[in-house]
Structures are given as C-alpha cells and as structure tokens.
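Structure below is final_23.pdb: PDB, C-alpha atoms and all ligand atoms.
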```
ATOM      1  CA  MET B  15       0.000   0.000   0.000
ATOM      2  CA  ALA B  16       2.708   2.458   1.025
ATOM      3  CA  GLN B  17       4.826   1.245  -1.885
ATOM      4  CA  ALA B  18       1.958   1.758  -4.324
ATOM      5  CA  GLN B  19       1.499   5.277  -3.002
ATOM      6  CA  GLU B  20       5.191   5.959  -3.378
ATOM      7  CA  LEU B  21       5.070   4.752  -6.972
ATOM      8  CA  ILE B  22       2.140   7.044  -7.746
ATOM      9  CA  ASN B  23       3.998  10.009  -6.270
ATOM     10  CA  LEU B  24       7.062   9.101  -8.269
ATOM     11  CA  ILE B  25       5.283   9.000 -11.622
ATOM     12  CA  LEU B  26       3.052  11.990 -10.938
ATOM     13  CA  PRO B  27       5.255  14.423 -12.918
ATOM     14  CA  GLN B  28       4.884  12.158 -15.966
ATOM     15  CA  THR B  29       1.091  12.167 -15.822
ATOM     16  CA  GLY B  30      -1.617  14.463 -17.108
ATOM     17  CA  ALA B  31      -0.783  14.562 -20.798
ATOM     18  CA  SER B  32      -3.603  12.326 -21.967
ATOM     19  CA  GLN B  33      -7.190  12.939 -22.897
ATOM     20  CA  ARG B  34      -9.354  11.240 -20.304
ATOM     21  CA  ILE B  35     -12.716  10.162 -21.651
ATOM     22  CA  GLY B  36     -15.493   8.399 -19.732
ATOM     23  CA  ILE B  37     -18.089   6.376 -21.607
ATOM     24  CA  THR B  38     -21.353   5.150 -20.121
ATOM     25  CA  GLY B  39     -24.712   3.735 -21.174
ATOM     26  CA  VAL B  40     -27.046   0.884 -20.268
ATOM     27  CA  PRO B  41     -25.779  -2.672 -20.833
ATOM     28  CA  GLY B  42     -26.185  -3.541 -24.503
ATOM     29  CA  VAL B  43     -26.073   0.027 -25.784
ATOM     30  CA  GLY B  44     -22.778  -0.763 -27.492
ATOM     31  CA  LYS B  45     -20.071   0.671 -25.225
ATOM     32  CA  SER B  46     -17.522  -2.061 -25.853
ATOM     33  CA  THR B  47     -18.186  -2.099 -29.587
ATOM     34  CA  PHE B  48     -17.898   1.685 -29.616
ATOM     35  CA  ILE B  49     -14.622   1.649 -27.704
ATOM     36  CA  GLU B  50     -13.181  -0.942 -30.060
ATOM     37  CA  ALA B  51     -14.137   1.137 -33.119
ATOM     38  CA  LEU B  52     -13.034   4.466 -31.650
ATOM     39  CA  GLY B  53      -9.850   2.948 -30.244
ATOM     40  CA  LEU B  54      -8.849   1.488 -33.604
ATOM     41  CA  MET B  55      -9.611   4.769 -35.342
ATOM     42  CA  LEU B  56      -7.453   6.693 -32.875
ATOM     43  CA  ILE B  57      -4.597   4.227 -33.175
ATOM     44  CA  GLN B  58      -4.712   4.673 -36.911
ATOM     45  CA  GLN B  59      -4.316   8.393 -36.326
ATOM     46  CA  GLY B  60      -1.195   7.682 -34.295
ATOM     47  CA  HIS B  61      -2.614   7.696 -30.774
ATOM     48  CA  THR B  62      -1.999   5.121 -28.098
ATOM     49  CA  VAL B  63      -5.108   4.072 -26.230
ATOM     50  CA  ALA B  64      -5.682   2.659 -22.754
ATOM     51  CA  VAL B  65      -9.090   1.203 -21.946
ATOM     52  CA  LEU B  66     -10.097   0.819 -18.319
ATOM     53  CA  ALA B  67     -13.386  -0.540 -17.086
ATOM     54  CA  ILE B  68     -15.154   0.376 -13.904
ATOM     55  CA  ASP B  69     -17.888  -2.028 -13.028
ATOM     56  CA  PRO B  70     -18.207  -2.923  -9.353
ATOM     57  CA  SER B  71     -20.887  -5.451 -10.271
ATOM     58  CA  SER B  72     -18.684  -7.363 -12.701
ATOM     59  CA  GLU B  73     -17.476  -9.756 -10.049
ATOM     60  CA  ARG B  74     -20.993 -10.711  -9.083
ATOM     61  CA  THR B  75     -22.467 -10.905 -12.556
ATOM     62  CA  GLY B  76     -19.312 -12.492 -13.954
ATOM     63  CA  GLY B  77     -18.841 -12.947 -17.656
ATOM     64  CA  SER B  78     -19.048  -9.280 -18.516
ATOM     65  CA  ILE B  79     -15.283  -8.933 -18.677
ATOM     66  CA  LEU B  80     -14.982 -11.919 -20.949
ATOM     67  CA  GLY B  81     -17.717 -10.532 -23.186
ATOM     68  CA  ASP B  82     -15.964  -7.203 -23.399
ATOM     69  CA  LYS B  83     -12.616  -8.747 -24.184
ATOM     70  CA  THR B  84     -14.069 -10.632 -27.121
ATOM     71  CA  ARG B  85     -15.853  -7.505 -28.269
ATOM     72  CA  MET B  86     -12.573  -5.640 -28.225
ATOM     73  CA  MET B  87     -10.704  -8.430 -29.933
ATOM     74  CA  GLU B  88      -8.952  -6.414 -32.572
ATOM     75  CA  LEU B  89      -8.139  -3.573 -30.219
ATOM     76  CA  SER B  90      -6.739  -5.936 -27.605
ATOM     77  CA  ARG B  91      -4.361  -7.331 -30.214
ATOM     78  CA  SER B  92      -2.969  -3.916 -31.069
ATOM     79  CA  GLU B  93       0.433  -2.956 -29.713
ATOM     80  CA  ALA B  94      -0.803   0.584 -29.230
ATOM     81  CA  ALA B  95      -3.635  -0.436 -26.933
ATOM     82  CA  PHE B  96      -3.883  -1.572 -23.341
ATOM     83  CA  ILE B  97      -7.118  -3.006 -21.968
ATOM     84  CA  ARG B  98      -7.781  -3.625 -18.322
ATOM     85  CA  PRO B  99     -11.020  -4.798 -16.736
ATOM     86  CA  SER B 100     -12.283  -3.567 -13.401
ATOM     87  CA  PRO B 101     -10.219  -4.436 -10.359
ATOM     88  CA  ALA B 102     -12.423  -7.009  -8.676
ATOM     89  CA  GLY B 103     -13.531  -7.640  -5.142
ATOM     90  CA  GLN B 104     -13.723  -4.089  -3.912
ATOM     91  CA  THR B 105     -16.178  -1.420  -2.974
ATOM     92  CA  LEU B 106     -17.020   1.245  -5.522
ATOM     93  CA  GLY B 107     -14.704   3.632  -3.701
ATOM     94  CA  GLY B 108     -11.880   1.128  -3.942
ATOM     95  CA  VAL B 109     -12.538   0.399  -7.601
ATOM     96  CA  ALA B 110     -12.634   4.113  -8.346
ATOM     97  CA  ARG B 111      -9.329   4.744  -6.594
ATOM     98  CA  ARG B 112      -7.616   1.843  -8.346
ATOM     99  CA  THR B 113      -8.971   2.973 -11.709
ATOM    100  CA  ARG B 114      -7.739   6.500 -11.097
ATOM    101  CA  GLU B 115      -4.302   5.233 -10.169
ATOM    102  CA  THR B 116      -4.212   2.906 -13.184
ATOM    103  CA  MET B 117      -5.112   5.873 -15.347
ATOM    104  CA  LEU B 118      -2.076   7.739 -14.007
ATOM    105  CA  LEU B 119       0.152   4.725 -14.634
ATOM    106  CA  CYS B 120      -1.117   4.519 -18.212
ATOM    107  CA  GLU B 121      -0.311   8.184 -18.731
ATOM    108  CA  ALA B 122       3.155   7.747 -17.336
ATOM    109  CA  ALA B 123       3.586   4.795 -19.692
ATOM    110  CA  GLY B 124       2.828   7.148 -22.571
ATOM    111  CA  PHE B 125      -0.771   6.407 -23.524
ATOM    112  CA  ASP B 126      -2.279   9.642 -24.757
ATOM    113  CA  VAL B 127      -5.947   8.640 -24.724
ATOM    114  CA  VAL B 128      -7.559   6.918 -21.758
ATOM    115  CA  LEU B 129     -11.076   5.549 -22.225
ATOM    116  CA  VAL B 130     -12.923   4.549 -19.060
ATOM    117  CA  GLU B 131     -15.982   2.378 -19.616
ATOM    118  CA  THR B 132     -18.670   2.221 -16.970
ATOM    119  CA  VAL B 133     -21.984   0.418 -16.810
ATOM    120  CA  GLY B 134     -24.932   2.786 -16.840
ATOM    121  CA  VAL B 135     -26.391   1.566 -13.604
ATOM    122  CA  GLY B 136     -25.783   2.594 -10.022
ATOM    123  CA  GLN B 137     -23.239   5.035  -8.724
ATOM    124  CA  SER B 138     -20.275   4.222 -10.905
ATOM    125  CA  GLU B 139     -21.040   7.019 -13.393
ATOM    126  CA  THR B 140     -20.471   9.668 -10.782
ATOM    127  CA  ALA B 141     -17.166   8.049  -9.885
ATOM    128  CA  VAL B 142     -16.055   7.954 -13.526
ATOM    129  CA  ALA B 143     -17.313  11.446 -14.297
ATOM    130  CA  SER B 144     -15.151  12.678 -11.424
ATOM    131  CA  MET B 145     -11.964  11.243 -12.935
ATOM    132  CA  VAL B 146     -12.276  12.141 -16.628
ATOM    133  CA  ASP B 147     -12.109  15.313 -18.718
ATOM    134  CA  PHE B 148     -15.062  14.408 -20.866
ATOM    135  CA  PHE B 149     -18.066  12.213 -20.139
ATOM    136  CA  LEU B 150     -19.845  10.639 -23.089
ATOM    137  CA  VAL B 151     -23.236   8.994 -22.703
ATOM    138  CA  LEU B 152     -24.367   6.435 -25.262
ATOM    139  CA  ALA B 153     -28.096   6.004 -25.738
ATOM    140  CA  LEU B 154     -30.506   4.107 -27.968
ATOM    141  CA  ALA B 155     -33.446   5.243 -30.054
ATOM    142  CA  GLY B 156     -36.892   3.750 -29.856
ATOM    143  CA  ALA B 157     -39.982   3.366 -27.685
ATOM    144  CA  GLY B 158     -39.121   6.039 -25.172
ATOM    145  CA  ASP B 159     -35.801   4.378 -24.507
ATOM    146  CA  GLU B 160     -33.987   7.634 -24.862
ATOM    147  CA  LEU B 161     -35.578   9.014 -21.717
ATOM    148  CA  GLN B 162     -36.083   5.751 -19.917
ATOM    149  CA  GLY B 163     -32.508   4.591 -20.303
ATOM    150  CA  MET B 164     -31.285   8.004 -19.392
ATOM    151  CA  LYS B 165     -31.856   8.713 -15.778
ATOM    152  CA  ARG B 166     -31.801  12.375 -14.997
ATOM    153  CA  GLY B 167     -28.660  12.073 -12.943
ATOM    154  CA  ILE B 168     -26.715  10.632 -15.854
ATOM    155  CA  MET B 169     -27.920  13.300 -18.220
ATOM    156  CA  GLU B 170     -26.596  15.935 -15.857
ATOM    157  CA  LEU B 171     -23.144  14.363 -16.005
ATOM    158  CA  ALA B 172     -23.037  14.157 -19.815
ATOM    159  CA  ASP B 173     -20.733  16.376 -21.861
ATOM    160  CA  ALA B 174     -22.105  14.799 -25.030
ATOM    161  CA  ILE B 175     -24.740  12.207 -25.859
ATOM    162  CA  ALA B 176     -24.494   9.854 -28.811
ATOM    163  CA  ILE B 177     -27.406   7.807 -30.111
ATOM    164  CA  ASN B 178     -25.730   4.535 -31.071
ATOM    165  CA  LYS B 179     -26.957   1.915 -33.570
ATOM    166  CA  ALA B 180     -28.068   4.762 -35.819
ATOM    167  CA  GLU B 181     -27.646   2.854 -39.063
ATOM    168  CA  GLU B 182     -29.492   3.872 -42.201
ATOM    169  CA  SER B 183     -32.442   1.598 -41.363
ATOM    170  CA  ASN B 184     -32.734   3.161 -37.946
ATOM    171  CA  ARG B 185     -31.920   6.717 -38.934
ATOM    172  CA  GLN B 186     -35.322   8.328 -38.506
ATOM    173  CA  ALA B 187     -35.920   6.898 -35.068
ATOM    174  CA  ALA B 188     -32.424   7.972 -34.062
ATOM    175  CA  GLU B 189     -33.011  11.519 -35.310
ATOM    176  CA  ARG B 190     -36.256  11.650 -33.373
ATOM    177  CA  ALA B 191     -34.585  10.397 -30.210
ATOM    178  CA  ALA B 192     -31.810  12.952 -30.629
ATOM    179  CA  GLN B 193     -34.335  15.754 -30.975
ATOM    180  CA  GLN B 194     -36.189  14.609 -27.871
ATOM    181  CA  LEU B 195     -32.965  14.587 -25.929
ATOM    182  CA  ARG B 196     -32.020  18.052 -27.148
ATOM    183  CA  ASN B 197     -35.398  19.302 -25.983
ATOM    184  CA  ALA B 198     -34.996  17.603 -22.625
ATOM    185  CA  LEU B 199     -31.526  19.085 -22.214
ATOM    186  CA  HIS B 200     -33.009  22.552 -22.501
ATOM    187  CA  PHE B 201     -34.764  21.945 -19.217
ATOM    188  CA  SER B 202     -31.805  20.691 -17.242
ATOM    189  CA  ALA B 203     -29.191  22.870 -15.603
ATOM    190  CA  PRO B 204     -26.094  23.292 -17.790
ATOM    191  CA  LYS B 205     -22.887  21.760 -16.453
ATOM    192  CA  TYR B 206     -20.783  24.530 -18.021
ATOM    193  CA  ASP B 207     -22.000  27.957 -19.094
ATOM    194  CA  ASP B 208     -20.037  27.850 -22.323
ATOM    195  CA  TRP B 209     -20.714  24.308 -23.454
ATOM    196  CA  GLN B 210     -23.951  23.129 -24.944
ATOM    197  CA  VAL B 211     -24.195  19.354 -24.669
ATOM    198  CA  PRO B 212     -24.322  18.057 -28.250
ATOM    199  CA  VAL B 213     -26.522  15.103 -29.181
ATOM    200  CA  LEU B 214     -25.025  13.181 -32.096
ATOM    201  CA  LEU B 215     -25.740   9.973 -33.968
ATOM    202  CA  CYS B 216     -23.328   7.117 -34.493
ATOM    203  CA  SER B 217     -23.022   3.477 -35.408
ATOM    204  CA  ALA B 218     -20.257   1.730 -33.562
ATOM    205  CA  LEU B 219     -20.885  -1.323 -35.707
ATOM    206  CA  GLU B 220     -20.376   0.475 -39.020
ATOM    207  CA  GLY B 221     -18.013   3.074 -37.652
ATOM    208  CA  HIS B 222     -20.217   5.995 -38.643
ATOM    209  CA  GLY B 223     -20.212   9.260 -36.730
ATOM    210  CA  LEU B 224     -17.034   8.488 -34.832
ATOM    211  CA  THR B 225     -14.950  11.150 -36.565
ATOM    212  CA  GLU B 226     -17.512  13.833 -35.743
ATOM    213  CA  LEU B 227     -17.735  12.618 -32.171
ATOM    214  CA  TRP B 228     -13.994  12.711 -31.735
ATOM    215  CA  GLN B 229     -13.923  16.224 -33.164
ATOM    216  CA  THR B 230     -16.496  17.268 -30.602
ATOM    217  CA  ILE B 231     -14.488  15.715 -27.813
ATOM    218  CA  THR B 232     -11.197  17.305 -28.819
ATOM    219  CA  GLN B 233     -12.927  20.643 -29.233
ATOM    220  CA  PHE B 234     -13.724  20.360 -25.549
ATOM    221  CA  THR B 235     -10.475  18.892 -24.287
ATOM    222  CA  VAL B 236      -7.581  20.106 -26.420
ATOM    223  CA  ASN B 237      -6.016  23.465 -25.568
ATOM    224  CA  SER B 238      -8.873  24.277 -23.295
ATOM    225  CA  PRO B 239      -8.253  26.124 -20.020
ATOM    226  CA  ARG B 240     -11.382  24.348 -18.813
ATOM    227  CA  ILE B 241      -9.501  21.066 -18.472
ATOM    228  CA  GLN B 242      -7.111  22.491 -15.893
ATOM    229  CA  GLN B 243     -10.072  23.798 -13.907
ATOM    230  CA  ILE B 244     -11.778  20.430 -14.073
ATOM    231  CA  ARG B 245      -8.686  18.519 -13.003
ATOM    232  CA  ARG B 246      -7.914  20.838 -10.115
ATOM    233  CA  SER B 247     -11.435  20.529  -8.749
ATOM    234  CA  GLN B 248     -11.261  16.767  -9.172
ATOM    235  CA  ALA B 249      -7.981  16.660  -7.262
ATOM    236  CA  VAL B 250      -9.564  18.476  -4.331
ATOM    237  CA  ARG B 251     -12.487  16.085  -4.399
ATOM    238  CA  TRP B 252     -10.143  13.067  -4.408
ATOM    239  CA  MET B 253      -8.363  14.469  -1.393
ATOM    240  CA  ARG B 254     -11.641  14.799   0.479
ATOM    241  CA  GLU B 255     -12.512  11.233  -0.412
ATOM    242  CA  ALA B 256      -9.124  10.032   0.771
ATOM    243  CA  VAL B 257      -9.605  11.830   4.095
ATOM    244  CA  ASN B 258     -13.025  10.254   4.522
ATOM    245  CA  ASP B 259     -11.685   6.815   3.598
ATOM    246  CA  GLY B 260      -8.837   7.286   6.049
ATOM    247  CA  LEU B 261     -11.218   8.241   8.837
ATOM    248  CA  GLN B 262     -13.379   5.219   8.121
ATOM    249  CA  GLN B 263     -10.328   3.031   8.243
ATOM    250  CA  MET B 264      -9.063   4.539  11.488
ATOM    251  CA  ALA B 265     -12.478   4.012  13.041
ATOM    252  CA  GLY B 266     -12.286   0.294  12.358
ATOM    253  CA  ASN B 267      -8.618  -0.017  13.147
ATOM    254  CA  THR B 268      -8.613  -1.608  16.587
ATOM    255  CA  GLU B 269     -10.784  -4.188  18.275
ATOM    256  CA  GLU B 270     -11.408  -1.657  21.013
ATOM    257  CA  LEU B 271     -12.852   0.917  18.651
ATOM    258  CA  ARG B 272     -14.977  -1.614  16.840
ATOM    259  CA  THR B 273     -16.442  -2.871  20.106
ATOM    260  CA  LEU B 274     -17.030   0.631  21.388
ATOM    261  CA  LYS B 275     -18.836   1.543  18.190
ATOM    262  CA  GLN B 276     -21.104  -1.483  18.466
ATOM    263  CA  ASN B 277     -21.920  -0.725  22.068
ATOM    264  CA  LEU B 278     -22.695   2.882  21.317
ATOM    265  CA  GLU B 279     -24.901   1.899  18.392
ATOM    266  CA  GLN B 280     -26.837  -0.480  20.642
ATOM    267  CA  ARG B 281     -27.342   2.224  23.239
ATOM    268  CA  VAL B 282     -28.536   4.661  20.597
ATOM    269  CA  PHE B 283     -30.927   2.004  19.298
ATOM    270  CA  ALA B 284     -32.207   1.434  22.854
ATOM    271  CA  GLN B 285     -32.712   5.189  23.183
ATOM    272  CA  GLU B 286     -30.378   5.323  26.175
ATOM    273  CA  LEU B 287     -28.068   7.740  24.451
ATOM    274  CA  SER B 288     -28.604  10.489  21.927
ATOM    275  CA  PRO B 289     -26.961   9.999  18.507
ATOM    276  CA  HIS B 290     -24.967  13.167  19.043
ATOM    277  CA  SER B 291     -23.522  12.212  22.454
ATOM    278  CA  ALA B 292     -22.705   8.759  21.168
ATOM    279  CA  ALA B 293     -20.888  10.271  18.189
ATOM    280  CA  MET B 294     -18.917  12.628  20.444
ATOM    281  CA  HIS B 295     -18.015   9.761  22.730
ATOM    282  CA  PHE B 296     -16.763   7.751  19.772
ATOM    283  CA  LEU B 297     -14.801  10.626  18.252
ATOM    284  CA  THR B 298     -13.071  11.283  21.559
ATOM    285  CA  ALA B 299     -12.034   7.640  21.731
ATOM    286  CA  LEU B 300     -10.905   7.779  18.096
ATOM    287  CA  GLU B 301      -8.751  10.804  18.757
ATOM    288  CA  ALA B 302      -7.161   9.195  21.809
ATOM    289  CA  SER B 303      -6.463   6.012  19.880
ATOM    290  CA  TRP B 304      -4.938   7.993  17.055
ATOM    291  CA  ARG B 305      -2.574   9.788  19.468
ATOM    292  CA  VAL B 306      -1.424   6.480  20.876
ATOM    293  CA  HIS B 307      -0.749   5.061  17.425
ATOM    294  CA  ARG B 308       0.969   8.174  16.143
ATOM    295  CA  ASP B 309       3.386   8.514  19.053
TER     296      ASP B 309
HETATM  297  N1  LIG R   1     -26.792  -2.540 -35.059
HETATM  298  C1  LIG R   1     -25.838  -2.202 -34.203
HETATM  299  N2  LIG R   1     -25.489  -3.039 -33.207
HETATM  300  C2  LIG R   1     -24.514  -2.658 -32.349
HETATM  301  C3  LIG R   1     -23.868  -1.421 -32.469
HETATM  302  N3  LIG R   1     -22.966  -1.321 -31.477
HETATM  303  C4  LIG R   1     -23.061  -2.469 -30.749
HETATM  304  N4  LIG R   1     -23.996  -3.286 -31.282
HETATM  305  C5  LIG R   1     -24.378  -4.626 -30.797
HETATM  306  O1  LIG R   1     -25.025  -4.501 -29.540
HETATM  307  C6  LIG R   1     -24.687  -5.583 -28.681
HETATM  308  C7  LIG R   1     -24.103  -5.070 -27.368
HETATM  309  O2  LIG R   1     -22.863  -4.423 -27.640
HETATM  310  P1  LIG R   1     -21.760  -4.176 -26.516
HETATM  311  O3  LIG R   1     -20.670  -3.418 -27.163
HETATM  312  O4  LIG R   1     -21.393  -5.440 -25.848
HETATM  313  O5  LIG R   1     -22.570  -3.272 -25.481
HETATM  314  P2  LIG R   1     -22.163  -2.832 -23.984
HETATM  315  O6  LIG R   1     -22.875  -3.764 -23.062
HETATM  316  O7  LIG R   1     -22.710  -1.454 -23.860
HETATM  317  O8  LIG R   1     -20.673  -2.904 -23.865
HETATM  318  C8  LIG R   1     -23.724  -6.451 -29.460
HETATM  319  O9  LIG R   1     -24.434  -7.504 -30.044
HETATM  320  C9  LIG R   1     -23.187  -5.519 -30.543
HETATM  321  O10 LIG R   1     -22.789  -6.182 -31.697
HETATM  322  C10 LIG R   1     -24.245  -0.535 -33.538
HETATM  323  O11 LIG R   1     -23.746   0.555 -33.736
HETATM  324  N5  LIG R   1     -25.237  -0.997 -34.377
HETATM  325 MG    MG R   2     -19.365  -3.731 -22.415
END
```

I need this file expressed as structure tokens, please.
Ligand SMILES: Nc1nc2c(ncn2[C@@H]2O[C@H](COP(=O)(O)OP(=O)(O)O)[C@@H](O)[C@H]2O)c(=O)[nH]1
Ligand SMILES: [Mg+2]
Amino acid sequence: MAQAQELINLILPQTGASQRIGITGVPGVGKSTFIEALGLMLIQQGHTVAVLAIDPSSERTGGSILGDKTRMMELSRSEAAFIRPSPAGQTLGGVARRTRETMLLCEAAGFDVVLVETVGVGQSETAVASMVDFFLVLALAGAGDELQGMKRGIMELADAIAINKAEESNRQAAERAAQQLRNALHFSAPKYDDWQVPVLLCSALEGHGLTELWQTITQFTVNSPRIQQIRRSQAVRWMREAVNDGLQQMAGNTEELRTLKQNLEQRVFAQELSPHSAAMHFLTALEASWRVHRD
C-alpha cells in the first residue's frame, strides 16, 4: 500500500498529458463495440489508447469482462492499446481509486488517450465522471428508450450524448430520439456555461459518426483552459474522499474501537443515548487512539 502510493507520487510528474474520456450507457447500448471502433480509429491516427473498465458489479455478474474482451478483440491485439477490466472484489470507492491510479500509470507509460468504460447503472457514473475530462453517454433510439434509459442524474453528467446503432435503417428513429434529448436538455441545468451538450448519432458497428464525435471531444479537451479547472477541482475532491476513507479506516482499526462503536450503536438504538452524544463519545475515543498510534 505504502509502496503503491510511493510509486504514484514518483510518476506523478509524468502524468496528465492524456485525454481522459469516460463512456457510459445501459448494458447492450454498445459501449464495448464503440470503444473498439473508436480505439482502432485513434490508433490509426497515431494515438496510443488505454481502456479501463469500472464495473463494481462485474465480479458478481461475472462474464461481462470476458464478453468485453471478445468484443474488443482487434483492439486488444494492437500494440498501441492496453485493456484492463475492473479491479475485482472491492467497494465502488476502492474500484474508483484503483482505476484513477491505473489511469495515471497509463499516462506515465505514454498512452495519450484513456477511455474509461462504466456500466450505466448505479453510482459508478459519478465516480467515472469525477476522474475524466469528458463524459460521453451512449443512448438508444426507440420506444421512449432515450428518456427511460437516461436517468436524470446521468444526463446531468453528460458532456455529449451519442445515439448509437443509428444505421441507415434506424436513422429516422435515431433523429427523433436525438431531438427529444435536445429538448430535454433545454430543461436541465447546464454543467458549463459555455458548453452546450451536443446530441449526435453514431453506429459503432459500421463506424459511422465516430470522426464527428472525436472532433467534438477534442474541441472540448484540447487546448482548453477548462480542463485544468476540471482537473484541479477533481484533485480536491479526491483528497476529500481520501480523508473520509482514512477516517473510516481509522475508526475500524482496533478491536477496542470496533467494540465501542457497536456498544454505542446499541445504546442509541435502545434510546439510552442520543446519537450526538454517542458520536462525540466515539470521536473522543478515536482521537485518543490515534494519538497512541501516532506517538
Ligand atoms: N446494429 C448495431 N449493433 C450494435 C452497435 N454497437 C453495438 N452493437 C451490438 O449490440 C450488442 C451489445 O454491444 P456491446 O458493445 O457489448 O454493449 P455494452 O454492453 O454497452 O458494452 C452487441 O451484439 C453488438 O454487436 C451498432 O452501432 N449498431
Ligand atoms: Mg461492455
């Protein structure tokens, strides 16, 4: 743990030069197919691409990693690409931290585009959005899917939305879905004053719309003072998270503290003690224990 931290500190000066892109959408929307197509296109343009996945559920549901690997077959064979599935067996916070650190390692290794795939369910979008420069949401056209599959929270995180599977045969429905989304976006609070979230069409399968999408992304990320702002705010947020994680860890550090916490919780449950006094009691014990361990 300490060694890993030391390594991160050591490589830190070599990080930061990549474009960090998050990609989300409901299972089946085409994220892996999209990443394969975009990744290959970027490699052809001379980029090197790292693909990281953040999916805290992947250990439980199994299989998803295997599925993604086969979907990114060609990309995974390329010398200029690196693909890594979610670190397993951890909480979302742990997965997020590991993914962030892996992203830094990839940058230090020279990859200049990092794509982070996340499943469009649960809290993992927020975690990914807080570690990338640009957050792309993939959606599908048809039967109200565009609003159904797009929970409000996700829409608020989006820097661009792409309607995937917009092949010729599906074009009209895709256009309609895009228009609906544009209308809906008018009613949600803008993430940045100077950036209107574009809604584009693409087909990951046929490779259509990817050039335009990449143009949109680079318009946002390359030579933009906004990126520095975003990364600085993210750094502060990561620090806060690390402090909170550390406090949680300290609180469970010794048998004594764990027992005390249980006892206090029981007394609060039994209404013998107010939540506030119990918390103060615990914090006092935590502080004392910390002094002992520090000295
Ligand atoms: N028609 C069509 N099918 C696609 C497209 N992109 C992905 N698919 C298919 O949709 C299914 C799910 O794709 P996948 O990339 O695994 O989705 P993920 O779960 O979001 O990673 C697969 O059968 C893909 O072949 C597309 O642009 N057009
Ligand atoms: Mg996938």

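The nearest approach to Leu300 in chain B among the residues B:Lys275, B:Ala188, B:Val213, B:Leu287, with only C-alpha atoms taken into account, belongs to B:Lys275.
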
So, with only C-alpha atoms as the atoms that count, which of B:Leu66, B:Phe149, B:Ala95, B:Ala191 lies closest to Glu131 in chain B?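 Among the listed residues, the smallest separation from Glu131 in chain B belongs to B:Leu66.
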
Could you tell me which of B:Met86, B:Met169, B:His295, B:Thr116 comes closest to Val282 in chain B if we count all atoms listed in the file? B:His295

List all protein, DNA and RNA residues that have at least one atom no more than 8 Å from any atom of ligand LIG 1 (chain R), counting all atoms listed in the file, and write them as number ranges by chain. B: 38-49, 81-82, 85, 133, 178-181, 216-221

Just C-alpha atoms for this one: save the residues we selected as a JSON list (two decimals), in the coordinates of the input.
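Now in part-v9.json:
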```
[["chain", "number", "residue", "atom", "x", "y", "z"],
["B", 38, "THR", "CA", -21.35, 5.15, -20.12],
["B", 39, "GLY", "CA", -24.71, 3.74, -21.17],
["B", 40, "VAL", "CA", -27.05, 0.88, -20.27],
["B", 41, "PRO", "CA", -25.78, -2.67, -20.83],
["B", 42, "GLY", "CA", -26.18, -3.54, -24.50],
["B", 43, "VAL", "CA", -26.07, 0.03, -25.78],
["B", 44, "GLY", "CA", -22.78, -0.76, -27.49],
["B", 45, "LYS", "CA", -20.07, 0.67, -25.22],
["B", 46, "SER", "CA", -17.52, -2.06, -25.85],
["B", 47, "THR", "CA", -18.19, -2.10, -29.59],
["B", 48, "PHE", "CA", -17.90, 1.68, -29.62],
["B", 49, "ILE", "CA", -14.62, 1.65, -27.70],
["B", 81, "GLY", "CA", -17.72, -10.53, -23.19],
["B", 82, "ASP", "CA", -15.96, -7.20, -23.40],
["B", 85, "ARG", "CA", -15.85, -7.50, -28.27],
["B", 133, "VAL", "CA", -21.98, 0.42, -16.81],
["B", 178, "ASN", "CA", -25.73, 4.54, -31.07],
["B", 179, "LYS", "CA", -26.96, 1.92, -33.57],
["B", 180, "ALA", "CA", -28.07, 4.76, -35.82],
["B", 181, "GLU", "CA", -27.65, 2.85, -39.06],
["B", 216, "CYS", "CA", -23.33, 7.12, -34.49],
["B", 217, "SER", "CA", -23.02, 3.48, -35.41],
["B", 218, "ALA", "CA", -20.26, 1.73, -33.56],
["B", 219, "LEU", "CA", -20.88, -1.32, -35.71],
["B", 220, "GLU", "CA", -20.38, 0.48, -39.02],
["B", 221, "GLY", "CA", -18.01, 3.07, -37.65]]
```

Would you mind telling me which residue in B:Ser32, B:Val211, B:Leu119, B:Leu152 lies nearest to ligand MG 2 (chain R) when using all atoms listed in the file?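 Ranked by minimum distance to ligand MG 2 (chain R), first place goes to B:Leu152.
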
Shortest interatomic distance to ligand MG 2 (chain R) - which of B:Val128, B:Arg91, B:Leu26, B:Ser100, counting only C-alpha atoms and all ligand atoms: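 Counting only C-alpha atoms and all ligand atoms, the residue closest to ligand MG 2 (chain R) is B:Ser100.
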
So how many Å separate CA of Ala153 in chain B and CA of Ile177 in chain B, to one decimal? 4.8 Å

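Distances here use all atoms listed in the file; by that measure, the residue among B:Asn197, B:Thr132, B:Ser247, B:Thr29 closest to Pro99 in chain B is B:Thr132.
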